[in-house]
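Q: What follows is structure-v5.pdb, made up of PDB, C-alpha atoms:
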```pdb
ATOM      1  CA  ALA A  30     -23.438  18.435  23.659
ATOM      2  CA  LEU A  31     -20.518  19.278  25.935
ATOM      3  CA  ALA A  32     -22.760  21.278  28.253
ATOM      4  CA  VAL A  33     -25.199  18.350  28.468
ATOM      5  CA  MET A  34     -22.390  15.939  29.266
ATOM      6  CA  GLY A  35     -21.026  18.336  31.874
ATOM      7  CA  ALA A  36     -24.440  18.623  33.518
ATOM      8  CA  ARG A  37     -24.783  14.836  33.701
ATOM      9  CA  ILE A  38     -21.276  14.364  35.088
ATOM     10  CA  ALA A  39     -21.831  17.040  37.737
ATOM     11  CA  LEU A  40     -25.150  15.442  38.741
ATOM     12  CA  ASP A  41     -23.555  11.987  39.008
ATOM     13  CA  ALA A  42     -20.843  13.552  41.172
ATOM     14  CA  GLY A  43     -23.513  15.002  43.484
ATOM     15  CA  ASP A  44     -22.914  18.648  42.509
ATOM     16  CA  ARG A  45     -26.510  19.688  41.875
ATOM     17  CA  ALA A  46     -25.785  23.418  41.612
ATOM     18  CA  LYS A  47     -23.134  22.926  38.938
ATOM     19  CA  SER A  48     -25.384  20.499  37.109
ATOM     20  CA  LEU A  49     -28.174  23.088  37.012
ATOM     21  CA  ARG A  50     -25.780  25.739  35.654
ATOM     22  CA  MET A  51     -24.499  23.427  32.937
ATOM     23  CA  LEU A  52     -28.038  22.329  32.112
ATOM     24  CA  GLN A  53     -29.181  25.931  31.702
ATOM     25  CA  SER A  54     -26.231  26.559  29.402
ATOM     26  CA  ALA A  55     -27.219  23.530  27.299
ATOM     27  CA  ILE A  56     -30.828  24.763  27.057
ATOM     28  CA  GLU A  57     -29.637  28.199  25.890
ATOM     29  CA  LEU A  58     -27.470  26.611  23.192
ATOM     30  CA  LEU A  59     -30.317  24.501  21.747
ATOM     31  CA  PRO A  60     -31.457  27.105  19.163
ATOM     32  CA  GLU A  61     -27.936  27.173  17.707
ATOM     33  CA  ILE A  62     -28.208  23.514  16.667
ATOM     34  CA  SER A  63     -29.286  23.637  13.025
ATOM     35  CA  SER A  64     -30.107  19.952  12.527
ATOM     36  CA  PRO A  65     -33.546  18.993  13.958
ATOM     37  CA  LEU A  66     -32.379  15.456  14.647
ATOM     38  CA  GLU A  67     -29.240  16.606  16.481
ATOM     39  CA  ARG A  68     -31.360  19.074  18.448
ATOM     40  CA  ALA A  69     -33.737  16.224  19.362
ATOM     41  CA  PHE A  70     -30.789  14.172  20.705
ATOM     42  CA  SER A  71     -29.799  17.078  22.954
ATOM     43  CA  GLN A  72     -33.422  17.663  24.063
ATOM     44  CA  ALA A  73     -33.821  13.998  25.005
ATOM     45  CA  GLN A  74     -30.629  14.117  27.077
ATOM     46  CA  ILE A  75     -31.688  17.374  28.713
ATOM     47  CA  GLY A  76     -35.080  15.804  29.500
ATOM     48  CA  SER A  77     -33.385  12.793  31.136
ATOM     49  CA  ILE A  78     -31.353  15.116  33.383
ATOM     50  CA  GLU A  79     -34.454  17.134  34.237
ATOM     51  CA  LEU A  80     -36.101  13.844  35.217
ATOM     52  CA  MET A  81     -33.176  12.969  37.484
ATOM     53  CA  LEU A  82     -33.424  16.425  39.057
ATOM     54  CA  GLY A  83     -37.130  15.882  39.687
ATOM     55  CA  ASN A  84     -38.305  18.551  37.226
ATOM     56  CA  LEU A  85     -41.051  16.373  35.750
ATOM     57  CA  ALA A  86     -42.859  19.054  33.726
ATOM     58  CA  GLU A  87     -39.691  20.292  32.045
ATOM     59  CA  ALA A  88     -38.544  16.719  31.455
ATOM     60  CA  GLU A  89     -41.832  15.751  29.805
ATOM     61  CA  ALA A  90     -41.811  18.831  27.564
ATOM     62  CA  ASP A  91     -38.253  18.187  26.326
ATOM     63  CA  ILE A  92     -38.725  14.448  25.864
ATOM     64  CA  THR A  93     -42.093  14.812  24.106
ATOM     65  CA  ALA A  94     -40.606  17.363  21.669
ATOM     66  CA  ALA A  95     -37.666  15.049  20.971
ATOM     67  CA  SER A  96     -39.990  12.055  20.527
ATOM     68  CA  ALA A  97     -41.931  13.851  17.775
ATOM     69  CA  ILE A  98     -38.710  14.420  15.836
ATOM     70  CA  PHE A  99     -37.614  10.796  16.236
ATOM     71  CA  VAL A 100     -40.993   9.520  15.043
ATOM     72  CA  SER A 101     -40.993  11.807  11.998
ATOM     73  CA  ASN A 102     -37.443  10.670  11.118
ATOM     74  CA  LYS A 103     -38.296   7.006  11.812
ATOM     75  CA  ASN A 104     -35.443   6.729  14.285
ATOM     76  CA  LEU A 105     -36.792   3.687  16.110
ATOM     77  CA  LEU A 106     -33.834   3.281  18.445
ATOM     78  CA  TRP A 107     -34.227   6.682  20.033
ATOM     79  CA  GLU A 108     -37.993   6.403  19.856
ATOM     80  CA  LEU A 109     -37.917   3.361  22.148
ATOM     81  CA  ARG A 110     -35.521   5.149  24.498
ATOM     82  CA  VAL A 111     -37.640   8.265  24.884
ATOM     83  CA  GLU A 112     -40.691   6.060  25.473
ATOM     84  CA  ARG A 113     -38.808   4.455  28.345
ATOM     85  CA  LEU A 114     -38.062   7.943  29.672
ATOM     86  CA  LEU A 115     -41.750   8.896  29.374
ATOM     87  CA  ALA A 116     -42.599   5.705  31.287
ATOM     88  CA  GLN A 117     -40.252   6.817  34.073
ATOM     89  CA  ILE A 118     -42.024  10.183  34.179
ATOM     90  CA  ARG A 119     -45.385   8.423  34.485
ATOM     91  CA  ILE A 120     -43.981   6.241  37.283
ATOM     92  CA  ALA A 121     -42.821   9.385  39.101
ATOM     93  CA  GLN A 122     -46.315  10.862  38.549
ATOM     94  CA  LYS A 123     -47.865   7.719  40.108
ATOM     95  CA  ARG A 124     -49.594   6.766  36.853
ATOM     96  CA  PRO A 125     -48.666   3.063  36.552
ATOM     97  CA  ASP A 126     -51.084   2.180  33.765
ATOM     98  CA  ALA A 127     -49.724   4.909  31.478
ATOM     99  CA  ALA A 128     -46.187   3.886  32.432
ATOM    100  CA  LEU A 129     -46.890   0.252  31.459
ATOM    101  CA  ARG A 130     -48.197   1.328  28.055
ATOM    102  CA  TYR A 131     -44.936   3.187  27.341
ATOM    103  CA  LEU A 132     -42.889   0.281  28.665
ATOM    104  CA  ASN A 133     -44.732  -2.255  26.476
ATOM    105  CA  SER A 134     -44.266  -0.057  23.413
ATOM    106  CA  SER A 135     -40.559   0.407  24.200
ATOM    107  CA  ALA A 136     -40.103  -3.370  24.711
ATOM    108  CA  ASN A 137     -41.749  -4.171  21.379
ATOM    109  CA  LEU A 138     -39.476  -1.777  19.519
ATOM    110  CA  ALA A 139     -36.418  -3.145  21.314
ATOM    111  CA  GLN A 140     -37.333  -6.707  20.298
ATOM    112  CA  ARG A 141     -37.846  -5.635  16.679
ATOM    113  CA  LEU A 142     -34.424  -4.011  16.630
ATOM    114  CA  SER A 143     -32.737  -6.790  18.648
ATOM    115  CA  GLN A 144     -31.623  -4.143  21.128
ATOM    116  CA  TYR A 145     -31.374  -6.539  24.046
ATOM    117  CA  ASP A 146     -29.604  -4.117  26.368
ATOM    118  CA  ASP A 147     -32.470  -1.617  25.999
ATOM    119  CA  LEU A 148     -34.943  -4.491  26.334
ATOM    120  CA  SER A 149     -33.309  -5.616  29.581
ATOM    121  CA  ARG A 150     -33.555  -2.092  31.030
ATOM    122  CA  THR A 151     -37.197  -1.837  30.016
ATOM    123  CA  TYR A 152     -38.083  -5.159  31.691
ATOM    124  CA  PHE A 153     -36.216  -4.077  34.839
ATOM    125  CA  LEU A 154     -38.328  -0.918  35.060
ATOM    126  CA  GLU A 155     -41.443  -3.005  34.436
ATOM    127  CA  ALA A 156     -40.534  -5.424  37.237
ATOM    128  CA  LYS A 157     -39.856  -2.523  39.586
ATOM    129  CA  LEU A 158     -43.212  -0.949  38.714
ATOM    130  CA  TYR A 159     -45.085  -4.214  39.383
ATOM    131  CA  ALA A 160     -43.265  -4.684  42.673
ATOM    132  CA  GLU A 161     -44.097  -1.149  43.829
ATOM    133  CA  ASN A 162     -47.747  -1.968  43.177
ATOM    134  CA  ASP A 163     -47.528  -5.319  45.041
ATOM    135  CA  ASP A 164     -47.940  -7.378  41.842
ATOM    136  CA  TYR A 165     -45.087  -9.737  42.624
ATOM    137  CA  LYS A 166     -46.145 -12.387  40.135
ATOM    138  CA  ASN A 167     -45.764 -10.045  37.161
ATOM    139  CA  ALA A 168     -42.706  -8.524  38.811
ATOM    140  CA  TYR A 169     -41.108 -11.977  38.876
ATOM    141  CA  LEU A 170     -42.043 -12.653  35.245
ATOM    142  CA  SER A 171     -40.610  -9.292  34.201
ATOM    143  CA  MET A 172     -37.386 -10.072  36.064
ATOM    144  CA  LEU A 173     -37.123 -13.390  34.190
ATOM    145  CA  LYS A 174     -37.496 -11.471  30.937
ATOM    146  CA  ASN A 175     -34.895  -8.994  32.183
ATOM    147  CA  VAL A 176     -32.410 -11.783  32.847
ATOM    148  CA  ALA A 177     -33.049 -13.452  29.468
ATOM    149  CA  ALA A 178     -32.654 -10.137  27.634
ATOM    150  CA  GLY A 179     -29.484  -9.437  29.596
ATOM    151  CA  GLU A 180     -28.010 -12.783  28.550
ATOM    152  CA  LYS A 181     -28.816 -12.064  24.915
ATOM    153  CA  ALA A 182     -27.299  -8.605  25.265
ATOM    154  CA  GLN A 183     -24.113 -10.125  26.691
ATOM    155  CA  GLN A 184     -24.031 -12.737  23.943
ATOM    156  CA  LYS A 185     -24.477 -10.035  21.306
ATOM    157  CA  LEU A 186     -21.709  -8.023  22.927
ATOM    158  CA  ASN A 187     -19.438 -11.069  22.942
ATOM    159  CA  ASN A 188     -20.243 -11.780  19.291
ATOM    160  CA  THR A 189     -19.540  -8.157  18.415
ATOM    161  CA  GLN A 190     -16.247  -8.251  20.251
ATOM    162  CA  PHE A 191     -15.439 -11.579  18.614
ATOM    163  CA  MET A 192     -16.062 -10.118  15.162
ATOM    164  CA  GLN A 193     -14.004  -7.040  16.058
ATOM    165  CA  TYR A 194     -11.121  -9.187  17.259
ATOM    166  CA  LYS A 195     -11.421 -11.374  14.169
ATOM    167  CA  ALA A 196     -11.396  -8.340  11.883
ATOM    168  CA  LYS A 197      -8.377  -6.912  13.709
ATOM    169  CA  LEU A 198      -6.627 -10.288  13.527
ATOM    170  CA  GLU A 199      -7.288 -10.536   9.787
ATOM    171  CA  LEU A 200      -6.011  -6.995   9.308
ATOM    172  CA  GLN A 201      -2.935  -7.833  11.356
ATOM    173  CA  GLU A 202      -2.325 -10.966   9.273
ATOM    174  CA  GLN A 203      -2.728  -8.973   6.063
ATOM    175  CA  GLN A 204      -0.249  -6.395   7.290
ATOM    176  CA  LYS A 205       2.135  -9.168   8.358
ATOM    177  CA  THR A 206       1.825 -10.885   4.968
ATOM    178  CA  LYS A 207       2.391  -7.603   3.174
ATOM    179  CA  ALA A 208       5.433  -6.882   5.327
ATOM    180  CA  GLN A 209       6.842 -10.348   4.622
ATOM    181  CA  GLN A 210       6.212  -9.841   0.908
ATOM    182  CA  LEU A 211       8.046  -6.509   0.995
ATOM    183  CA  ILE A 212      10.930  -8.116   2.883
ATOM    184  CA  SER A 213      11.095 -10.963   0.340
ATOM    185  CA  GLU A 214      11.057  -8.517  -2.559
ATOM    186  CA  ALA A 215      13.793  -6.449  -0.936
ATOM    187  CA  ALA A 216      15.866  -9.578  -0.317
ATOM    188  CA  ALA A 217      15.367 -10.702  -3.922
ATOM    189  CA  ASN A 218      16.408  -7.275  -5.233
ATOM    190  CA  GLN A 219      19.450  -7.312  -2.975
ATOM    191  CA  GLN A 220      20.389 -10.803  -4.183
ATOM    192  CA  GLN A 221      20.050  -9.678  -7.794
ATOM    193  CA  GLN A 222      22.360  -6.749  -7.124
ATOM    194  CA  LEU A 223      24.875  -9.057  -5.413
ATOM    195  CA  ASN A 224      24.692 -11.455  -8.376
ATOM    196  CA  ARG A 225      25.457  -8.590 -10.739
ATOM    197  CA  ILE A 226      28.428  -7.539  -8.587
ATOM    198  CA  TYR A 227      29.708 -11.123  -8.410
ATOM    199  CA  ALA A 228      29.377 -11.492 -12.185
ATOM    200  CA  PHE A 229      31.282  -8.239 -12.739
ATOM    201  CA  ILE A 230      34.053  -9.328 -10.333
ATOM    202  CA  ILE A 231      34.342 -12.720 -12.034
ATOM    203  CA  PHE A 232      34.494 -10.972 -15.434
ATOM    204  CA  LEU A 233      37.332  -8.743 -14.206
ATOM    205  CA  LEU A 234      39.175 -11.738 -12.737
ATOM    206  CA  LEU A 235      38.869 -13.571 -16.057
ATOM    207  CA  ILE A 236      40.298 -10.566 -17.895
ATOM    208  CA  ILE A 237      43.172 -10.288 -15.399
ATOM    209  CA  ALA A 238      43.847 -14.043 -15.641
ATOM    210  CA  GLY A 239      43.828 -13.842 -19.445
ATOM    211  CA  LEU A 240      46.283 -10.941 -19.440
ATOM    212  CA  ALA A 241      48.546 -12.712 -16.957
ATOM    213  CA  THR A 242      48.487 -15.877 -19.065
ATOM    214  CA  TRP A 243      49.309 -13.923 -22.227
ATOM    215  CA  ILE A 244      52.164 -12.030 -20.552
ATOM    216  CA  PHE A 245      53.550 -15.227 -19.023
ATOM    217  CA  GLY A 246      53.311 -17.011 -22.374
ATOM    218  CA  LYS A 247      55.113 -14.229 -24.198
ATOM    219  CA  SER A 248      57.861 -14.110 -21.584
ATOM    220  CA  ARG A 249      58.311 -17.889 -21.613
ATOM    221  CA  GLY A 250      58.432 -17.949 -25.430
ATOM    222  CA  TRP A 251      61.198 -15.316 -25.523
ATOM    223  CA  ASN A 252      63.217 -17.120 -22.875
ATOM    224  CA  LEU A 253      62.796 -20.373 -24.791
ATOM    225  CA  ALA A 254      63.957 -18.758 -28.034
ATOM    226  CA  VAL A 255      67.048 -17.353 -26.339
ATOM    227  CA  HIS A 256      67.735 -20.698 -24.739
ATOM    228  CA  LEU A 257      67.331 -22.498 -28.081
ATOM    229  CA  ASN A 258      69.658 -20.020 -29.813
ATOM    230  CA  GLN A 259      72.249 -20.454 -27.104
ATOM    231  CA  SER A 260      71.943 -24.237 -27.320
ATOM    232  CA  SER A 261      72.387 -24.191 -31.122
ATOM    233  CA  ASP A 262      75.610 -22.117 -30.918
ATOM    234  CA  GLU A 263      77.071 -24.377 -28.260
ATOM    235  CA  GLN A 264      76.253 -27.516 -30.267
ATOM    236  CA  LEU A 265      77.828 -25.995 -33.393
ATOM    237  CA  ALA A 266      81.014 -25.074 -31.545
ATOM    238  CA  GLU A 267      81.213 -28.506 -29.934
ATOM    239  CA  HIS A 268      80.692 -30.191 -33.329
ATOM    240  CA  MET A 269      83.481 -28.118 -34.930
ATOM    241  CA  LEU A 270      85.876 -28.946 -32.088
ATOM    242  CA  ASN A 271      85.104 -32.653 -32.326
ATOM    243  CA  THR A 272      85.553 -32.635 -36.102
ATOM    244  CA  ALA A 273      88.945 -30.882 -35.918
ATOM    245  CA  LYS A 274      90.094 -33.212 -33.188
ATOM    246  CA  ASN A 275      89.081 -36.327 -35.072
ATOM    247  CA  ALA A 276      90.590 -35.088 -38.345
ATOM    248  CA  GLY A 277      93.791 -33.946 -36.671
ATOM    249  CA  TYR A 278      93.818 -30.446 -38.092
ATOM    250  CA  PRO A 279      94.190 -27.238 -36.150
ATOM    251  CA  LEU A 280      91.123 -25.085 -35.347
ATOM    252  CA  SER A 281      91.281 -21.402 -34.650
ATOM    253  CA  VAL A 282      88.495 -19.756 -32.743
ATOM    254  CA  LEU A 283      87.948 -15.995 -32.710
ATOM    255  CA  LEU A 284      85.652 -14.661 -29.964
ATOM    256  CA  LEU A 285      84.286 -11.191 -30.485
ATOM    257  CA  ASP A 286      82.124  -9.168 -28.114
ATOM    258  CA  ILE A 287      80.011  -7.083 -30.462
ATOM    259  CA  ARG A 288      77.652  -5.788 -27.813
ATOM    260  CA  HIS A 289      79.482  -2.467 -27.795
ATOM    261  CA  VAL A 290      79.991  -2.244 -31.573
ATOM    262  CA  ARG A 291      77.816   0.274 -33.368
ATOM    263  CA  GLN A 292      75.924  -0.894 -36.403
ATOM    264  CA  ILE A 293      77.779   1.541 -38.751
ATOM    265  CA  GLU A 294      81.081  -0.032 -37.689
ATOM    266  CA  LEU A 295      80.044  -3.578 -38.636
ATOM    267  CA  PRO A 296      81.175  -3.371 -42.350
ATOM    268  CA  LEU A 297      84.667  -2.102 -41.339
ATOM    269  CA  LEU A 298      84.969  -4.845 -38.745
ATOM    270  CA  GLN A 299      84.040  -7.458 -41.365
ATOM    271  CA  ASP A 300      86.755  -6.145 -43.791
ATOM    272  CA  GLU A 301      89.396  -6.333 -41.078
ATOM    273  CA  ILE A 302      88.438  -9.896 -40.209
TER
END
```
Translate the structure described by the file into structure tokens.
A:
Amino acid sequence: ALAVMGARIALDAGDRAKSLRMLQSAIELLPEISSPLERAFSQAQIGSIELMLGNLAEAEADITAASAIFVSNKNLLWELRVERLLAQIRIAQKRPDAALRYLNSSANLAQRLSQYDDLSRTYFLEAKLYAENDDYKNAYLSMLKNVAAGEKAQQKLNNTQFMQYKAKLELQEQQKTKAQQLISEAAANQQQQLNRIYAFIIFLLLIIAGLATWIFGKSRGWNLAVHLNQSSDEQLAEHMLNTAKNAGYPLSVLLLDIRHVRQIELPLLQDEI
């Protein structure tokens, strides 16, 4: 296949010698192609290059062999194309009637398959053949058919491109929707994790607040007890002083600092008092 493509490219570039070398290489590689249908594709392409080179006998042999394979495999698309090539060979051989038969057969197959591009090419060859034989009326009619087929081919191409763009757009939208869904899921998972962290922090704060409240309450209760004890002693002393004063009898007060007295010394201290 590469050798065939190389031969065609070289011929289009005007390098006939290189095209012939590449074409010979392609012909030598034909027996290595195991599939009959694939070999027929290569033979048809080789035949078209032979036709362009003016080697009509070789072109007809290759194209006829390929045509037999396409017919046996019911490959109508390539069958109509090789018939158009055979028509071109008949035109080059100055056999217009035989060429028209091939062209009519190729056009019928193209219409059946809705291959409007192939149909347009077939009608163009038909118009050219009529014009070369001074049949300008049929040449004009064939050109009208060529134009109509070309418009249908363009419309089909536009429809195909439209469907391709639509399919790509739908795929793009699906990918976009999927990406948005993944982003939403990731955001939701992240929010859930944040909620768990917030709940844990709030739980810790509640524990800390509870401990602080308990500690503060205990400390306030102790201070209140000390304050109450101190208040009771002062009230008792003041009451005793007032009573002694009102009654007119003396009152002795003994103040002892027992903060530095050991507990084992308390009984002795009480006896001395």
Q: Dump as a list in words all residues having an atom at most 10 Å from (-31.9, 20.9, 20.3), computed in the file's coordinates with all atoms listed in the file.
A: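 Protein, DNA and RNA residues close to (-31.9, 20.9, 20.3): Ala30, Ala55, Ile56, Glu57, Leu58, Leu59, Pro60, Glu61, Ile62, Ser63, Ser64, Pro65, Leu66, Glu67, Arg68, Ala69, Phe70, Ser71, Gln72, Ala73, Gln74, Ile75, Asp91, Ala94 and Ala95 of chain A.
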Q: So how many Å separate CA of Tyr152 (chain A) and CA of Leu40 (chain A), to one decimal?
A: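 Going from CA of Tyr152 (chain A) over to CA of Leu40 (chain A) covers 25.3 Å.
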Q: Box for region 203-220 of chain A: with edges along x, y and z, all listed atoms inside and 6 Å added on each side, what are the centre and edge lengths in Å to one decimal, as AutoDock Vina command-line options?
A:
```
--center_x 8.8 --center_y -8.7 --center_z 1.6 --size_x 35.1 --size_y 16.6 --size_z 25.6
```
Q: What's around region 108-111 of chain A at 8 Å? Count all atoms listed in the file, leave out sequence neighbours fewer than 5 positions away in its own chain, and write the answer as a compact mmCIF listing (two decimals) with C-alpha atoms, in the coordinates of the input.
A:
```txt
# COMPACT_ATOMS: atom_id res chain seq x y z
CA ALA A 73 -33.82 14.00 25.00
CA ILE A 92 -38.72 14.45 25.86
CA THR A 93 -42.09 14.81 24.11
CA ALA A 95 -37.67 15.05 20.97
CA SER A 96 -39.99 12.06 20.53
CA PHE A 99 -37.61 10.80 16.24
CA VAL A 100 -40.99 9.52 15.04
CA SER A 134 -44.27 -0.06 23.41
CA SER A 135 -40.56 0.41 24.20
CA ALA A 136 -40.10 -3.37 24.71
CA LEU A 138 -39.48 -1.78 19.52
CA ALA A 139 -36.42 -3.14 21.31
CA ASP A 147 -32.47 -1.62 26.00
```
Q: Just to confirm, what's the straight-line distance from CA of Glu112 (chain A) to CA of Tyr131 (chain A) in Å (one decimal)?
A: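 Between CA of Glu112 (chain A) and CA of Tyr131 (chain A) the gap works out to 5.5 Å.
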Q: Take CA of Lys205 (chain A) and CA of Leu186 (chain A) and report the distance between them in Å, one decimal.
A: 28.0 Å
Q: Counting only C-alpha atoms, what is within 10 Å of Ile38 (chain A), bar same-chain residues fewer than 4 positions away, as JSON, numbers by chain?
A: {"A": [32, 33, 34, 42, 43, 44, 47, 48, 51]}
Q: Kindly save the residues from that selection, with C-alpha atoms included, as a PDB file, keeping the file's coordinate frame.
A:
```
ATOM      1  CA  ALA A  32     -22.760  21.278  28.253  1.00  0.00           C
ATOM      2  CA  VAL A  33     -25.199  18.350  28.468  1.00  0.00           C
ATOM      3  CA  MET A  34     -22.390  15.939  29.266  1.00  0.00           C
ATOM      4  CA  ALA A  42     -20.843  13.552  41.172  1.00  0.00           C
ATOM      5  CA  GLY A  43     -23.513  15.002  43.484  1.00  0.00           C
ATOM      6  CA  ASP A  44     -22.914  18.648  42.509  1.00  0.00           C
ATOM      7  CA  LYS A  47     -23.134  22.926  38.938  1.00  0.00           C
ATOM      8  CA  SER A  48     -25.384  20.499  37.109  1.00  0.00           C
ATOM      9  CA  MET A  51     -24.499  23.427  32.937  1.00  0.00           C
TER      10      MET A  51
END
```
Q: Given the file above and the PyMOL selection byres ((chain A and resi 155) around 12), which residues are selected, and can you give them as a VMD selection string?
A: chain A and resid 113 116 to 117 120 125 to 136 148 to 154 156 to 162 164 to 175
